[in-house]
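Peer 1: So that we are looking at the same thing, I have put the structure below in structure tokens.
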Amino acid sequence: MRMSPDDGDPLIETRIPRWQTWFESFDPVGPIVTIHVLALALFSDVLRPVGVLVVAAILLVWRTGLDTLADQIALVRKGGVYLVRGVGSLALVGVIVALDGGTESPFFFAMLIVFIWEAVTSPVRRTIWLAVAAVLVYVGVIAGADDITVTSVVRLGVFLSFIGLLVWGRALSEYWQKESTRARTLAAGIAEEAPIGFALYDGDSLRCLFANETARRFGLADADHTAIARLGESTAPGQGLGEVLAGIVASGEPGPPLLYVAPLAAGRETFLRIGVSLHREMEEPALLMVYAEDVTSQVLTGEQHRRFMESANHQFRTPLSPIVAYSELIAKGELEGEELREAAVAIRDAGARIEQLLDRMNSVLRLQRGPQRSAMTVTIGELIDTYLLAARPGLESVVAVEGERSLEVRCDPLPLTTALYELIENSRRYGTPPVTISVRSVDAGVRLRVCDRGPGPDIDSGTPLGQTWSLLAHSEVMPPEMGDRLGITYAHTLTVAAGGSLRFERTKAGWAFTIDLPVGRPSTV
């Protein structure tokens, strides 16, 4: 048996022998009673052998015919057919017992055979009806007998006790069967919905026998096509999951769980901690239990911390270098006049840049803890002229505004214009001026697009701008063309604090930082 990796439904692939199918559908009650009657009729004294043999043959035909009928009708109606079959069988056996003189006949045990078989193969509700029918048949046989003996009455008591115990045992068995089914269903549901992926593989064919939903999402249900790579090694195609599993089977040593990179939809990657358990049974194929946990968030957190250290080292070392160099020259008295003045200016500019970096970091932390919004309705013209350009003289020479300046938006102007300034400064420092701010109305509000004439920053469109120093590339060292990543993160945090959203877009036609703002609402008196 295997579970489909696509939908989890069981797919039976075992070839069932024909004799096994016949054995499972075979009803032994009719043949046993018939053989019993035939043997006693031939080798013992039976009061009415012909009549007993005829009724036994009717019983055999009755049960076989109703079994055939039950196989051809809907499942919901089979219970009724089986109940009729059982009641009719008890009645026919009662006739056989009556024809042979009553309940002291050895054919009395045929009633037990019929009831035991029906009780074993029937649910409790049907078994109770069969028990009532069996008692009525037994009482009818006693009542129709010529002489009611003490043995007949004693057998009635034994028969009632036997039926009661059998019904009780059948009810107890059905209860534990339901509890076991409920436990298995619960366990299967937990495994299917678990955040950890589970997949079971055949050790010989490396065929997936079972995979829960999480494992299928991770790609662990397809050993032939899923490519994974050990973290720290090459992230290019990597080796197939089937090769990894084959190596484990060959070595016989699964080893501890390892960290892998696996491709997901839309070209993204996920980091999985994958472990394998190997189970071998004598004369049975090995079974591989593959389990995987998504540790992408933990890996990215560590990656962000590492890149923060790299970025902080790069961002602070650059302005510190002239400060240290000029300070040493000044301390040695090697600078005088104009050179000393130039050194002081360079030290001042470098110190201002360090101060700006520290202010940015402090603002990001403060805004991420809990931004204080003071939203108001302003036009795009007011936002750019009054809050952006008027507060920063000289900026209008590098900024061009296109689109509908009369559109109204609702935002906090101060953090929003600071975010615009950060994006403009990024373009001035690393791009090709002039910087263009285009404005247009969209269904959900107003959209601002900020771009310059250069090729744009080296950022993946799917990278969240709000994750500081996030994983932009797989290189171990931060690429120099990455620029001041802190400024972009700062702009994103400010935009969110102002009531908008910021994302990076790259298309074949170009690129832009896109800011979406809600439409302004008229003030109420």
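Letters A, B, ... go to the chains of the structure tokens in the order shown; residues in each chain start at 1; ligands are counted from 1 in the same order.
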Determine which residues of region 73-278 of chain A DSSP labels as strand (DSSP E or B) from the backbone of this structure, then write them out as a PyMOL selection string.

Peer 2: chain A and resi 197-202+208-211+227-230+239-240+258-263+269-278

Peer 1: Fewer than 4 positions away in the same chain doesn't count, so skip those; otherwise give me all residues within 8 Å of region 388-401 of chain A, counting only C-alpha atoms, as a ChimeraX atom specification.

Peer 2: /A:383-384,417-418,420-421,424,433-439

Peer 1: Could you pull out the alpha helix (DSSP H) residues of region 95-159 of chain A from DSSP and send them as a ChimeraX atom specification?

Peer 2: /A:95-99,108-121,124-144,150-159

Peer 1: Tell me which protein, DNA and RNA residues are within 7 Å of region 127-142 of chain A, counting only C-alpha atoms, leaving out same-chain ones fewer than 5 positions away, and put them as a count of residues only.

Peer 2: 13

Peer 1: Can you work out the spacing between CA of Val33 (chain A) and CA of Leu112 (chain A) in Å, to one decimal?

Peer 2: 10.7 Å
